[in-house]
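Working notes, structure below.
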Amino acid sequence: MNPKPVIGFIGLGRMGGPMVRNLLRAGHPVVGYDIDPQKMKDLTESGGIAASSPADVAARSLLSFSIVMNDDIFLDVALGPEGVLSGATPGHLYSDLSTVSPAASAKVAQAMQAAGVGYLRGKVAGSIALAESAKLTIFVSGTEAHAREAEPVLSLLGERVLNVGDGEMAHYLKLVHSAIVGVYAALIGEALAFGEKGGLDFNQMIDVLESGPLGSTQLTLKAPMLKERRFENPPSDINTAAKDLDLVLSAAKDCAASMPLTSAVRQIMTQQQAAGAGRRDIWSILEAFEAMSALEPAAKVKS
């Protein structure tokens, strides 16, 4: 029986760490890299192999993934002096799972193709809990051959792996997801603040919304946090959501798409960032609407 191939992984944070552990549990050797020494220590303690750079990851694997924070880090990881491209040999397949711009991805695709290195755009939808339980939804775009090559490994990370087309289609779909996440949180926040101003019980409003036809998986997930006002140390904060909406609006400008609702929500996020709330949960945008309606913070928490 052939041994399972070595998988490379760059970025061992909140989403990347659980993914790596799932690969290790499935019996794949994983060679990983992160700039955070603690995450590297966690990797080796979990049975992974520490690499010295993204280039070293690529040199020691035939299939590698990255999940990082923004375009600048992504471009450095992929194309920098110690990036994936400098360590990969022809035939290597590299897939980035980050939320980055289609423009940055296209630049990486061009460089990888010129060097004979495969490149697959892979995006994830889901929470940290879903990453830990390997129940993410994963969608990819690129060549059919590259999608088939990566699918057995990606299926260890998510319960659904979908091929959504060629080129940068996975990036655009991820940005569609990001736009909905941001605008939905703002919509619920605005509506709840309106209800509070009208005298409704905050917790009861959430219970009715959650159990009725307007309920959603996202609202059910966030309901306890909203009721308890637990906005600190979130899985996804306003700063991250604002970065994602910046990517959405930039891509929309490039393809001449009008997004007035997303633009308005991004401005409200700017208010929250200016007020020092950037590291609070994205659903704390509720507080911006409460402030606009002159609702006192002390009156918000219901027993």
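Chain labels run A, B, ... following the order of the structure tokens; each chain numbers its residues from 1, and ligands are numbered from 1 in the order shown.
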
### Query
Could you name the residues that touch Gly80 (chain A) at 12 Å or less, counting only C-alpha atoms, but leaving out those on the same chain fewer than 6 positions away, as a PyMOL selection string?
chain A and resi 53-55+72-74+86-87+108+111

### Query
Counting only C-alpha atoms, what is within 9 Å of region 93-105 of chain A, bar same-chain residues fewer than 5 positions away, as a ChimeraX atom specification?
/A:8,58,62-72,74-75,78,84-85,88,110,112,117-124,138,140,146,149-150,168-172,174-175,178,244,247-248,250-251

### Message
I'd like the contact shell of Pro234 (chain A) - 8 Å cut-off, only C-alpha atoms, skipping same-chain residues fewer than 6 positions apart - returned as an MDAnalysis selection string.
### Response
chainID A and resid 279:281

### Message
Based on the backbone DSSP call, show me all residues of region 24-244 of chain A assigned strand (DSSP E), as a PyMOL selection string.
### Response
chain A and resi 30-33+49-50+63-66+93-96+118-125+136-141+158-163

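Proximity ranking of A:Gly189, A:Gly27, A:Gly195, A:Gly215 relative to Glu287 (chain A) places A:Gly189 first, based on only C-alpha atoms.
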
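Closest approach to Met15 (chain A) among A:Ser46, A:Gln267, A:Glu82, A:Glu132 is made by A:Glu132 (distances from only C-alpha atoms).
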
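Taking CA of Gly278 (chain A) and CA of Gly182 (chain A) as the two end points, the separation is 13.6 Å.
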
### Query
What is the distance between CA of Leu162 (chain A) and CA of Phe139 (chain A), in Å to one decimal?
4.5 Å

### Message
Could you list, as an MDAnalysis selection string, every residue within 12 Å of Thr220 (chain A), counting only C-alpha atoms and ignoring same-chain residues fewer than 3 positions away?
### Response
chainID A and resid 206:212 214:217 223:227
